[in-house]
There are 4 protein chains.
Amino acid sequence: MVGGGPGAFIGAVHNRAATLDGLATLAAGAFSSDPAKSREQGEAYGLAPDRVYGSFEEMAAREAALPADQRIDFVSIVTPNHLHFPAAKAFITRGIHVVCDKPLTTTLEDAEELCRLVRQHDVVFALTHSYVAYPMVKQARALVQDGTIGTVRKVVVEYSQGWLSTPLEQTDSKQASWRTDPARAGAGAIGDIGTHAEHLARYITGLEMAELFAEVSTVVPGRRIDDDANMLVRYQGGAKGVLFCSQISLREENRLAIRVYGTKASLEWHQEDPNFLYVRRSDAPMEVYKPGHAHLVAAAQRGTRMPSGHPEGLLEAFANIYSSAIRLIQAKRAGQPPDPLDLDIPTVQDGAVGVHFILTALRSGKEAAWVDASYVAPGL
Amino acid sequence: MVGGGPGAFIGAVHNRAATLDGLATLAAGAFSSDPAKSREQGEAYGLAPDRVYGSFEEMAAREAALPADQRIDFVSIVTPNHLHFPAAKAFITRGIHVVCDKPLTTTLEDAEELCRLVRQHDVVFALTHSYVAYPMVKQARALVQDGTIGTVRKVVVEYSQGWLSTPLEQTDSKQASWRTDPARAGAGAIGDIGTHAEHLARYITGLEMAELFAEVSTVVPGRRIDDDANMLVRYQGGAKGVLFCSQISLREENRLAIRVYGTKASLEWHQEDPNFLYVRRSDAPMEVYKPGHAHLVAAAQRGTRMPSGHPEGLLEAFANIYSSAIRLIQAKRAGQPPDPLDLDIPTVQDGAVGVHFILTALRSGKEAAWVDASYVAPGL
Amino acid sequence: MVGGGPGAFIGAVHNRAATLDGLATLAAGAFSSDPAKSREQGEAYGLAPDRVYGSFEEMAAREAALPADQRIDFVSIVTPNHLHFPAAKAFITRGIHVVCDKPLTTTLEDAEELCRLVRQHDVVFALTHSYVAYPMVKQARALVQDGTIGTVRKVVVEYSQGWLSTPLEQTDSKQASWRTDPARAGAGAIGDIGTHAEHLARYITGLEMAELFAEVSTVVPGRRIDDDANMLVRYQGGAKGVLFCSQISLREENRLAIRVYGTKASLEWHQEDPNFLYVRRSDAPMEVYKPGHAHLVAAAQRGTRMPSGHPEGLLEAFANIYSSAIRLIQAKRAGQPPDPLDLDIPTVQDGAVGVHFILTALRSGKEAAWVDASYVAPGL
Amino acid sequence: MVGGGPGAFIGAVHNRAATLDGLATLAAGAFSSDPAKSREQGEAYGLAPDRVYGSFEEMAAREAALPADQRIDFVSIVTPNHLHFPAAKAFITRGIHVVCDKPLTTTLEDAEELCRLVRQHDVVFALTHSYVAYPMVKQARALVQDGTIGTVRKVVVEYSQGWLSTPLEQTDSKQASWRTDPARAGAGAIGDIGTHAEHLARYITGLEMAELFAEVSTVVPGRRIDDDANMLVRYQGGAKGVLFCSQISLREENRLAIRVYGTKASLEWHQEDPNFLYVRRSDAPMEVYKPGHAHLVAAAQRGTRMPSGHPEGLLEAFANIYSSAIRLIQAKRAGQPPDPLDLDIPTVQDGAVGVHFILTALRSGKEAAWVDASYVAPGL
């Protein structure tokens, strides 16, 4: 693991998720750019001291130098955003597979270089847009793909939070500090959560954006980065979209929600109640899908570990991505074809699309104009 | 009543609402521009034949000629939109009070003339933006006014329907026919329901729009009017807004919903579950307000006719507006000051603001630009 | 109307419901056993003074003496329970149709006599178990009748309130006073609301009770009547039931709810959210029925007055019973066969079954034993 | 681990839960009474072959013979019910700590012997009534303990499932087979899930049962064990209860739900939506508690691993019990006092109370009478 030192919350999530299915154990880490803190975290994880590093460069170089059966199989990159690129590059170029947090990078050039490097070095690369790995999101995507929804006409997607309603970055909150720092985060609400909304909509509908209009705001006085953004979208093919994200929507916790309206049916899903998917077909009672049932598609069924009615949460969604990535690595090593279900994970190209979206939204907000949002990532 | 002939649904709603509290009975009507249909409807209501008219002009003239103790006290105008203006004018200028459906008119000039006429003739005028008369909406407004919410930062309001997802106007649906006819409706989704969303947000928050950006669409092929519109709003004072309305959001029924985010608390309300108001204060459990309780403000308490837990619906909300209007008429006649609670009804000025909003949204959509949305109605 | 004087809430509900569809107007009343209060209420309703009576006996006698085209067509009896019997008898025996509040009577003998009198005098008699007149309850019944549910195996029904959690009858609450007075109410929670739960379950499932076990409690110190009762039920045919009612379930408002589990599907309905019916079929997503759709049965469709998504409440359910009763009266007068949909109202026999249930529950509680709960009302 | 061989689902849950916080790893197991299956499962877990045993007796004996720093620290017993007792005894008597699935045993004698053995051998013993380890259940308990609820007057608790609506045990379902076999399960619905409901109510309210009345049914033809049970409860101190459980409530998944009504407030919680706790105080809006907030009690806060709005599920609840048990073991080994928060886990005495409840319910059902349900487990 790279990142996830003391004070981070997402590092522990990644570790639990990576190991949940017994397919991996944490073997090495560069948890902080401060070697003492990295050591401290490594001890907390019970790692051998010689596998705890003071920087990702050191870790990449020294792990790659280990015999194949001793070195790490893949790395989880959970640092602040600006380090995703150099860290990922350091491992990819040494042939080490990567699971990386979103957003992929802070510039499009970096994102595209990662796309090329992943292809060149033939590594597995998974981006932890974890919300799309909920079983009900997979079911939603299947309902679009199998024609149940018909042609998509309108998408409403949001990601509303309230935790930055006050200038929390002026306290000692480590999370607030880097996430509102343009240098480390790149973008604010759009980069932190808007990109999840964009990806969720794209994952379910398969639609690519054509044009985008954004109103980007910094609401909390003194903040140096966007904390609220509201957008209108024109998708390729003609569907319309409303996409908004916010970190100043007071007392919202983690309200990621989507609605897709088609010509035959519409669907709705809320991340805070992830085990319910609402489907409304023409002139029939609304249907409520839940995990764990035989009437679900295979992708949705595999994402569940307990019988229906035993609630599973975000950790299991995260683990779905990790376990798929690990199985892809195992297949690659064994020279076997991948299980198609395992290919259903966010890729480096998804990351490039996300970075393009972030930058496009910021540009539209600045220009107060519809801007071209179409984009094809290298390798797609 | 003017309008509400055979095939209309809203006429019967108005009649039930007007009479619900026993403060009025239907005495006369011009239910259709077709005299035979008007007579048919009049008979269905059990009216005396000489009080059933073939046109609103005839009705206004002849009712006004009756002795004061025999003529109607007020008229309900429930026609297609383009007739609101001439009908209202005919009655106002004869000193007859008016309850009128929204949108007020199809042009701003007409709307402003009605504002002036109402003042000049000193009549009571109520616009049936009925959704704001739900008790929980009144409570929501009070929570803004009393400072519970703090300064409003963001508003998300929508009105999503799906009943026009197909070209229903090409069938014999009377409703679909006039509501998608530019000549009779003026505007489509924006005029029919977007204006409810605009008014609801304004009613609760007290905020006036400063600028507006709209994407206005006609989604169903062959339709001659807008059926979907998504907007970004800049309110005076700096709050941001997302407002969208749709008649092609398949299988949505009547999803009018609002969220208001402030510096101290946020609130949320859904019209399809109107008896629940969600309030989230900083670091406290979310609160769910329901009607019928002593802890509600007086305006919310008076809007309820049964003990808590006995669901009331839209009819009662409609009746709240009617009964307030009637009590204002009674007070005026008696030369007494009005009960302040009865002044809490949508006015002719609200109607003018609504018409300005509709026209501004259409203009922004056409120009694909932020446009000035500020407006002060005559008499405000 | 008999009853419904100053301080009653249910009288106004009955009046609004009876007149909602324009099929009736209030013409006469004996609103209180105190003639002055009766007059006061009559004036509030705008009645002619000579149609306001000091007692139901006087009203029945004098109305019956009026010419047929002048006298009342039916009477609404909304008094405390102990007066239902004499009042109903006074009108039935004079050939005047009756709409009566529940429970029918306070003794089984009285209930059975009413059954016989209704038949003998050939009057229409409707009992206002209003909750079964919600459209979604009618749909639920249809889903049992058409075999969707399969054989019913288990019923869970409750009616929980909290308004009597304190000794409210020791204040000046008129409602609490008579409803906790054994002489006027007959029974407490069981008679006031438990009987609604019993009827709702019977209406939807068509099942008759075979045996009953009850734990009947008086929870609030000083109270003279039951305020909480929990029961187990054995239905004829073998289904099992759980039925509980309470007036001391603090801060419950009016939680009447039912679940029916069958061999093919199960259903669930909550009175406080009456426009949602949940149906769970084997290995399919749960379905949520709502009013106003073409896929509903005719009985459910007719119980709705507005398009889907426009919430209707208890008033409309009440009105469904009144309007059916009035149409039955009209058909009888016209010598025409009744519309079968209008026969779907609670009858005097339903009332007798309800009284038998109340008395059986009290007896089981006293004996702490399973008791025979089977019963066939006269005329069934 | 003892049990959890191929085909079991709960074994994997226990393993993930035990290791979730990085406090334990699976070191040894006797996964099946069939040595080949045990080996197969051990390989799947990647265990050393010499730590995979063919029986729990062998495992207990050989692990206990290992040096202290090599042998297992505790054992998870996840077998069918009839093996809980001998397995637990084998480890306890060798000084090995135990985490055991519910119900504790199939006879009260066995349960009481375990109580004595746990005390005698001074081991940590945790029973996985995992539902009480949800943060919102801990908050609910705190609201009773701190007086928010006042005196509890009524409890309604249920555990409804539908998975045994058909004779699934006649297929090759391993789960259905042993859970409906009187010899291996002891009791059916009551033992499998009714005991969870009993424990949940006791955990939150602190109330002990005084008397119980049960209707115990076997609904599915050919089944040899109870699959539905409905009970009335008299708690010590006078509160009343309704408790029901079912495995034939078609299409219910895992509906464990509780309501507690007190003199000052009431609360409600649903396991399938575990991150919401509803609290209704006298004359105030209902409150909805969610995890991850500073206004929660410490016990509720510690049970959460992610920020608010990131859904956590049953796995985390399970892990809360495991991690507390492990910290108790660590403290005991270190000779340090336990963290009081870690003592908040279901104990062997809770297990004995549960067994007494099961047997009492069965007896009441057989006798069709109120029976004494009071019980004090050894060591309480």
# chains A, B, ... in the order shown; residues from 1 in each chain; ligands from 1
$ closest_atom_pairs --of "chain B" --to "chain A" --cutoff "10 Å" --atoms "only C-alpha atoms" --output "tab-separated table"
residue	atom	partner	partner_atom	distance
B:Ile149	CA	A:Leu250	CA	9.8
B:Arg153	CA	A:Val219	CA	7.7
B:Lys154	CA	A:Ser249	CA	7.2
B:Val155	CA	A:Ser249	CA	9.3
B:Val156	CA	A:Phe244	CA	9.6
B:Gly162	CA	A:Tyr261	CA	9.1
B:Trp163	CA	A:Ser282	CA	9.9
B:Ser165	CA	A:Thr263	CA	7.3
B:Thr166	CA	A:Thr263	CA	8.4
B:Phe213	CA	A:Phe213	CA	9.3
B:Ala214	CA	A:Leu232	CA	8.7
B:Glu215	CA	A:Leu232	CA	7.5
B:Val216	CA	A:Lys240	CA	9.9
B:Ser217	CA	A:Lys240	CA	8.5
B:Val219	CA	A:Arg153	CA	7.7
B:Val220	CA	A:Arg153	CA	9.6
B:Asp228	CA	A:Lys240	CA	9.0
B:Ala229	CA	A:Lys240	CA	9.3
B:Asn230	CA	A:Val242	CA	6.9
B:Met231	CA	A:Leu232	CA	7.6
B:Leu232	CA	A:Asn230	CA	7.1
B:Val233	CA	A:Glu215	CA	9.1
B:Arg234	CA	A:Glu215	CA	9.3
B:Gly238	CA	A:Val219	CA	9.0
B:Ala239	CA	A:Val219	CA	8.8
B:Lys240	CA	A:Ser217	CA	8.5
B:Gly241	CA	A:Asn230	CA	8.1
B:Val242	CA	A:Asn230	CA	6.9
B:Leu243	CA	A:Val242	CA	9.5
B:Phe244	CA	A:Val242	CA	8.2
B:Ser246	CA	A:Lys154	CA	9.4
B:Ile248	CA	A:Tyr261	CA	8.0
B:Ser249	CA	A:Tyr261	CA	5.5
B:Leu250	CA	A:Tyr261	CA	5.9
B:Arg251	CA	A:Arg280	CA	6.0
B:Glu252	CA	A:Arg280	CA	8.1
B:Arg259	CA	A:Ser249	CA	9.5
B:Val260	CA	A:Ser249	CA	8.5
B:Tyr261	CA	A:Ser249	CA	5.5
B:Gly262	CA	A:Leu250	CA	6.6
B:Thr263	CA	A:Leu250	CA	6.9
B:Lys264	CA	A:Leu250	CA	7.5
B:Ala265	CA	A:Leu250	CA	6.3
B:Ser266	CA	A:Leu250	CA	6.0
B:Leu267	CA	A:Leu250	CA	9.4
B:Val279	CA	A:Arg251	CA	9.4
B:Arg280	CA	A:Arg251	CA	6.0
B:Arg281	CA	A:Arg251	CA	6.8
B:Ser282	CA	A:Arg251	CA	6.3
B:Asp283	CA	A:Arg251	CA	7.6
B:Ala284	CA	A:Arg251	CA	9.0
B:Pro285	CA	A:Arg251	CA	9.6
B:Met286	CA	A:Arg251	CA	8.6
B:Ala368	CA	A:Trp370	CA	7.7
B:Ala369	CA	A:Ala369	CA	7.0
B:Trp370	CA	A:Ala368	CA	7.7
$ residues_around --residues "range 111-115 of chain C" --least-positions-apart "5" --cutoff "6 Å" --atoms "only C-alpha atoms" --output "list in words"
Thr105, Val348 and Ala352 of chain C
$ select_by_dssp --residues "range 214-252 of chain C" --states "strand (DSSP E)" --output "ChimeraX atom specification"
/C:214-217,228-235,240-246
$ write_last_selection --atoms "all heavy atoms" --output "tab-separated table (two decimals), in the first residue's frame"
chain	number	residue	atom	x	y	z
C	214	ALA	N	-56.14	-13.67	23.87
C	214	ALA	CA	-55.86	-12.24	24.05
C	214	ALA	C	-55.23	-11.96	25.40
C	214	ALA	O	-55.57	-12.59	26.41
C	214	ALA	CB	-57.14	-11.43	23.89
C	215	GLU	N	-54.33	-11.01	25.38
C	215	GLU	CA	-53.81	-10.41	26.62
C	215	GLU	C	-54.30	-8.96	26.59
C	215	GLU	O	-53.88	-8.17	25.73
C	215	GLU	CB	-52.28	-10.48	26.60
C	215	GLU	CG	-51.56	-9.55	27.55
C	215	GLU	CD	-51.39	-10.12	28.94
C	215	GLU	OE1	-52.28	-10.87	29.38
C	215	GLU	OE2	-50.38	-9.82	29.58
C	216	VAL	N	-55.22	-8.66	27.49
C	216	VAL	CA	-55.85	-7.34	27.50
C	216	VAL	C	-55.34	-6.56	28.69
C	216	VAL	O	-55.39	-7.05	29.82
C	216	VAL	CB	-57.38	-7.48	27.55
C	216	VAL	CG1	-58.04	-6.11	27.52
C	216	VAL	CG2	-57.89	-8.36	26.42
C	217	SER	N	-54.86	-5.37	28.46
C	217	SER	CA	-54.21	-4.62	29.54
C	217	SER	C	-54.78	-3.22	29.69
C	217	SER	O	-55.23	-2.61	28.72
C	217	SER	CB	-52.71	-4.47	29.25
C	217	SER	OG	-52.11	-5.71	29.02
C	228	ASP	N	-54.55	-1.42	25.79
C	228	ASP	CA	-53.55	-2.18	25.03
C	228	ASP	C	-54.01	-3.63	25.00
C	228	ASP	O	-54.44	-4.17	26.01
C	228	ASP	CB	-52.18	-2.08	25.71
C	228	ASP	CG	-51.07	-2.70	24.88
C	228	ASP	OD1	-50.58	-2.01	23.96
C	228	ASP	OD2	-50.73	-3.87	25.12
C	229	ALA	N	-53.93	-4.23	23.84
C	229	ALA	CA	-54.34	-5.63	23.73
C	229	ALA	C	-53.52	-6.31	22.65
C	229	ALA	O	-53.33	-5.76	21.56
C	229	ALA	CB	-55.82	-5.73	23.41
C	230	ASN	N	-53.03	-7.49	22.98
C	230	ASN	CA	-52.22	-8.27	22.06
C	230	ASN	C	-52.86	-9.64	21.92
C	230	ASN	O	-53.19	-10.27	22.92
C	230	ASN	CB	-50.80	-8.40	22.60
C	230	ASN	CG	-50.20	-7.04	22.90
C	230	ASN	OD1	-50.32	-6.13	22.10
C	230	ASN	ND2	-49.59	-6.88	24.08
C	231	MET	N	-53.02	-10.08	20.69
C	231	MET	CA	-53.80	-11.31	20.46
C	231	MET	C	-53.11	-12.23	19.48
C	231	MET	O	-52.43	-11.80	18.56
C	231	MET	CB	-55.17	-10.95	19.89
C	231	MET	CG	-55.91	-9.91	20.69
C	231	MET	SD	-57.52	-9.53	19.95
C	231	MET	CE	-57.77	-7.89	20.71
C	232	LEU	N	-53.36	-13.52	19.69
C	232	LEU	CA	-53.01	-14.54	18.71
C	232	LEU	C	-54.31	-15.10	18.15
C	232	LEU	O	-55.30	-15.22	18.87
C	232	LEU	CB	-52.19	-15.65	19.38
C	232	LEU	CG	-50.94	-15.19	20.14
C	232	LEU	CD1	-50.18	-16.39	20.69
C	232	LEU	CD2	-50.04	-14.33	19.27
C	233	VAL	N	-54.29	-15.41	16.89
C	233	VAL	CA	-55.52	-15.81	16.21
C	233	VAL	C	-55.30	-17.12	15.46
C	233	VAL	O	-54.24	-17.33	14.87
C	233	VAL	CB	-55.96	-14.72	15.21
C	233	VAL	CG1	-57.27	-15.12	14.51
C	233	VAL	CG2	-56.11	-13.37	15.90
C	234	ARG	N	-56.29	-17.98	15.53
C	234	ARG	CA	-56.35	-19.14	14.63
C	234	ARG	C	-57.54	-18.91	13.70
C	234	ARG	O	-58.68	-18.82	14.17
C	234	ARG	CB	-56.53	-20.43	15.42
C	234	ARG	CG	-55.33	-20.79	16.28
C	234	ARG	CD	-55.63	-21.96	17.18
C	234	ARG	NE	-54.46	-22.32	17.99
C	234	ARG	CZ	-54.53	-23.03	19.11
C	234	ARG	NH1	-55.71	-23.45	19.58
C	234	ARG	NH2	-53.41	-23.31	19.79
C	235	TYR	N	-57.26	-18.77	12.43
C	235	TYR	CA	-58.34	-18.55	11.48
C	235	TYR	C	-58.93	-19.88	11.04
C	235	TYR	O	-58.27	-20.92	11.09
C	235	TYR	CB	-57.82	-17.78	10.26
C	235	TYR	CG	-57.55	-16.34	10.54
C	235	TYR	CD1	-56.26	-15.88	10.79
C	235	TYR	CD2	-58.60	-15.41	10.58
C	235	TYR	CE1	-56.01	-14.55	11.07
C	235	TYR	CE2	-58.36	-14.07	10.86
C	235	TYR	CZ	-57.06	-13.64	11.10
C	235	TYR	OH	-56.81	-12.32	11.39
C	240	LYS	N	-52.66	-18.59	10.66
C	240	LYS	CA	-52.37	-18.04	11.98
C	240	LYS	C	-52.32	-16.52	11.92
C	240	LYS	O	-52.00	-15.96	10.87
C	240	LYS	CB	-51.02	-18.56	12.49
C	240	LYS	CG	-50.94	-20.08	12.58
C	240	LYS	CD	-51.99	-20.64	13.53
C	240	LYS	CE	-52.09	-22.16	13.45
C	240	LYS	NZ	-51.03	-22.85	14.15
C	241	GLY	N	-52.62	-15.90	13.05
C	241	GLY	CA	-52.63	-14.46	13.06
C	241	GLY	C	-52.03	-13.85	14.31
C	241	GLY	O	-52.05	-14.44	15.39
C	242	VAL	N	-51.46	-12.68	14.13
C	242	VAL	CA	-51.03	-11.84	15.24
C	242	VAL	C	-51.79	-10.53	15.08
C	242	VAL	O	-51.75	-9.93	14.00
C	242	VAL	CB	-49.51	-11.57	15.19
C	242	VAL	CG1	-49.10	-10.62	16.31
C	242	VAL	CG2	-48.72	-12.87	15.25
C	243	LEU	N	-52.51	-10.14	16.12
C	243	LEU	CA	-53.30	-8.89	16.05
C	243	LEU	C	-53.05	-8.12	17.32
C	243	LEU	O	-53.24	-8.65	18.42
C	243	LEU	CB	-54.79	-9.24	15.90
C	243	LEU	CG	-55.78	-8.10	15.67
C	243	LEU	CD1	-57.08	-8.63	15.07
C	243	LEU	CD2	-56.08	-7.27	16.91
C	244	PHE	N	-52.57	-6.89	17.18
C	244	PHE	CA	-52.40	-6.11	18.40
C	244	PHE	C	-52.84	-4.68	18.18
C	244	PHE	O	-52.80	-4.15	17.08
C	244	PHE	CB	-50.99	-6.19	18.97
C	244	PHE	CG	-49.87	-5.86	18.05
C	244	PHE	CD1	-49.26	-4.60	18.09
C	244	PHE	CD2	-49.38	-6.79	17.15
C	244	PHE	CE1	-48.20	-4.29	17.27
C	244	PHE	CE2	-48.31	-6.48	16.30
C	244	PHE	CZ	-47.72	-5.23	16.36
C	245	CYS	N	-53.32	-4.11	19.28
C	245	CYS	CA	-53.77	-2.73	19.21
C	245	CYS	C	-53.37	-2.04	20.50
C	245	CYS	O	-53.18	-2.67	21.52
C	245	CYS	CB	-55.28	-2.65	18.98
C	245	CYS	SG	-56.26	-3.42	20.27
C	246	SER	N	-53.21	-0.75	20.42
C	246	SER	CA	-52.71	-0.04	21.59
C	246	SER	C	-53.02	1.43	21.47
C	246	SER	O	-53.01	2.00	20.38
C	246	SER	CB	-51.19	-0.23	21.69
C	246	SER	OG	-50.67	0.46	22.81
$ atom_distance --atom1 "CA of Gln247 in chain A" --atom2 "CA of Ala142 in chain B"
25.4 Å
$ residues_around --residues "Arg302 in chain A" --least-positions-apart "3" --cutoff "9 Å" --atoms "only C-alpha atoms" --output "mmCIF file with N, CA and C atoms, in the first residue's frame"
data_model
loop_
_atom_site.group_PDB
_atom_site.id
_atom_site.type_symbol
_atom_site.label_atom_id
_atom_site.label_comp_id
_atom_site.auth_asym_id
_atom_site.auth_seq_id
_atom_site.Cartn_x
_atom_site.Cartn_y
_atom_site.Cartn_z
ATOM 1 N N PRO A 135 -23.918 -4.560 -5.817
ATOM 2 C CA PRO A 135 -24.704 -5.473 -6.660
ATOM 3 C C PRO A 135 -25.864 -4.779 -7.373
ATOM 4 N N GLY A 292 -29.105 -10.813 -3.628
ATOM 5 C CA GLY A 292 -29.181 -12.162 -3.095
ATOM 6 C C GLY A 292 -30.249 -13.036 -3.708
ATOM 7 N N VAL A 297 -29.030 -10.674 -12.374
ATOM 8 C CA VAL A 297 -27.998 -11.087 -13.320
ATOM 9 C C VAL A 297 -26.775 -11.602 -12.551
ATOM 10 N N ALA A 298 -25.943 -12.360 -13.266
ATOM 11 C CA ALA A 298 -24.793 -12.995 -12.619
ATOM 12 C C ALA A 298 -23.873 -11.973 -11.963
ATOM 13 N N ALA A 299 -23.655 -10.848 -12.613
ATOM 14 C CA ALA A 299 -22.747 -9.848 -12.053
ATOM 15 C C ALA A 299 -23.262 -9.354 -10.707
ATOM 16 N N ARG A 305 -22.209 -11.676 -0.649
ATOM 17 C CA ARG A 305 -21.558 -12.758 0.097
ATOM 18 C C ARG A 305 -22.474 -13.419 1.122
ATOM 19 N N ASN A 320 -15.328 -6.151 -3.959
ATOM 20 C CA ASN A 320 -15.640 -6.706 -5.282
ATOM 21 C C ASN A 320 -14.625 -6.255 -6.322
ATOM 22 N N LEU A 341 -16.627 -11.770 -15.861
ATOM 23 C CA LEU A 341 -17.195 -10.992 -14.753
ATOM 24 C C LEU A 341 -16.130 -10.150 -14.070
#
$ residues_around --residues "range 37-53 of chain A" --least-positions-apart "6" --cutoff "9 Å" --atoms "only C-alpha atoms" --output "count of residues only"
14
$ closest_residue --among "C:Ala126, C:Leu164, C:Val157, C:Ala183" --to "Glu253 in chain C" --atoms "only C-alpha atoms"
C:Leu164
$ select_by_dssp --residues "range 68-156 of chain A" --states "alpha helix (DSSP H)" --output "ChimeraX atom specification"
/A:84-92,108-121,135-145
$ residues_around --residues "Val13 in chain C" --least-positions-apart "2" --cutoff "12 Å" --atoms "only C-alpha atoms" --output "number ranges by chain"
B: 20-22, 304-307, 310, 312, 316; C: 1, 4, 8-11, 15-20, 76, 78, 101, 128, 130, 313-319, 322
$ residues_around --residues "Val75 in chain B" --least-positions-apart "2" --cutoff "9 Å" --atoms "only C-alpha atoms" --output "MDAnalysis selection string"
chainID B and resid 1:2 28:29 72:73 77 88 91 96:100
$ write_last_selection --atoms "N, CA, C and O atoms" --output "compact mmCIF listing (two decimals), in the first residue's frame"
# COMPACT_ATOMS: atom_id res chain seq x y z
N MET B 1 -67.84 28.92 -11.48
CA MET B 1 -66.65 28.33 -12.07
C MET B 1 -66.60 28.60 -13.57
O MET B 1 -67.61 28.52 -14.25
N VAL B 2 -65.42 28.90 -14.02
CA VAL B 2 -65.20 29.05 -15.46
C VAL B 2 -64.23 27.95 -15.88
O VAL B 2 -63.11 27.87 -15.38
N ALA B 28 -72.91 28.98 -9.91
CA ALA B 28 -73.03 29.33 -11.33
C ALA B 28 -71.78 28.88 -12.05
O ALA B 28 -70.75 28.62 -11.42
N GLY B 29 -71.85 28.80 -13.37
CA GLY B 29 -70.67 28.37 -14.09
C GLY B 29 -70.77 28.56 -15.59
O GLY B 29 -71.87 28.60 -16.16
N ILE B 72 -72.76 35.57 -7.58
CA ILE B 72 -71.62 34.82 -7.02
C ILE B 72 -70.69 35.75 -6.24
O ILE B 72 -70.57 36.95 -6.55
N ASP B 73 -70.05 35.17 -5.23
CA ASP B 73 -69.10 35.97 -4.44
C ASP B 73 -67.71 35.96 -5.06
O ASP B 73 -66.96 36.92 -4.93
N ILE B 77 -61.38 30.15 -11.85
CA ILE B 77 -61.03 30.05 -13.26
C ILE B 77 -60.10 28.86 -13.47
O ILE B 77 -58.96 28.85 -12.98
N ALA B 88 -60.22 36.29 -16.09
CA ALA B 88 -59.97 37.00 -14.83
C ALA B 88 -60.32 38.48 -14.97
O ALA B 88 -60.95 39.09 -14.09
N PHE B 91 -64.02 39.35 -14.70
CA PHE B 91 -64.62 39.32 -13.37
C PHE B 91 -64.04 40.41 -12.46
O PHE B 91 -64.76 41.07 -11.72
N ILE B 96 -65.74 41.25 -8.96
CA ILE B 96 -65.94 39.89 -8.47
C ILE B 96 -64.58 39.26 -8.16
O ILE B 96 -63.67 39.29 -8.99
N HIS B 97 -64.47 38.71 -6.96
CA HIS B 97 -63.21 38.12 -6.52
C HIS B 97 -62.88 36.89 -7.35
O HIS B 97 -63.77 36.23 -7.89
N VAL B 98 -61.57 36.56 -7.40
CA VAL B 98 -61.13 35.51 -8.32
C VAL B 98 -60.18 34.53 -7.64
O VAL B 98 -59.27 34.93 -6.91
N VAL B 99 -60.44 33.25 -7.89
CA VAL B 99 -59.46 32.20 -7.63
C VAL B 99 -59.09 31.63 -8.99
O VAL B 99 -59.99 31.22 -9.74
N CYS B 100 -57.80 31.64 -9.32
CA CYS B 100 -57.39 31.32 -10.68
C CYS B 100 -56.30 30.25 -10.68
O CYS B 100 -55.40 30.26 -9.83
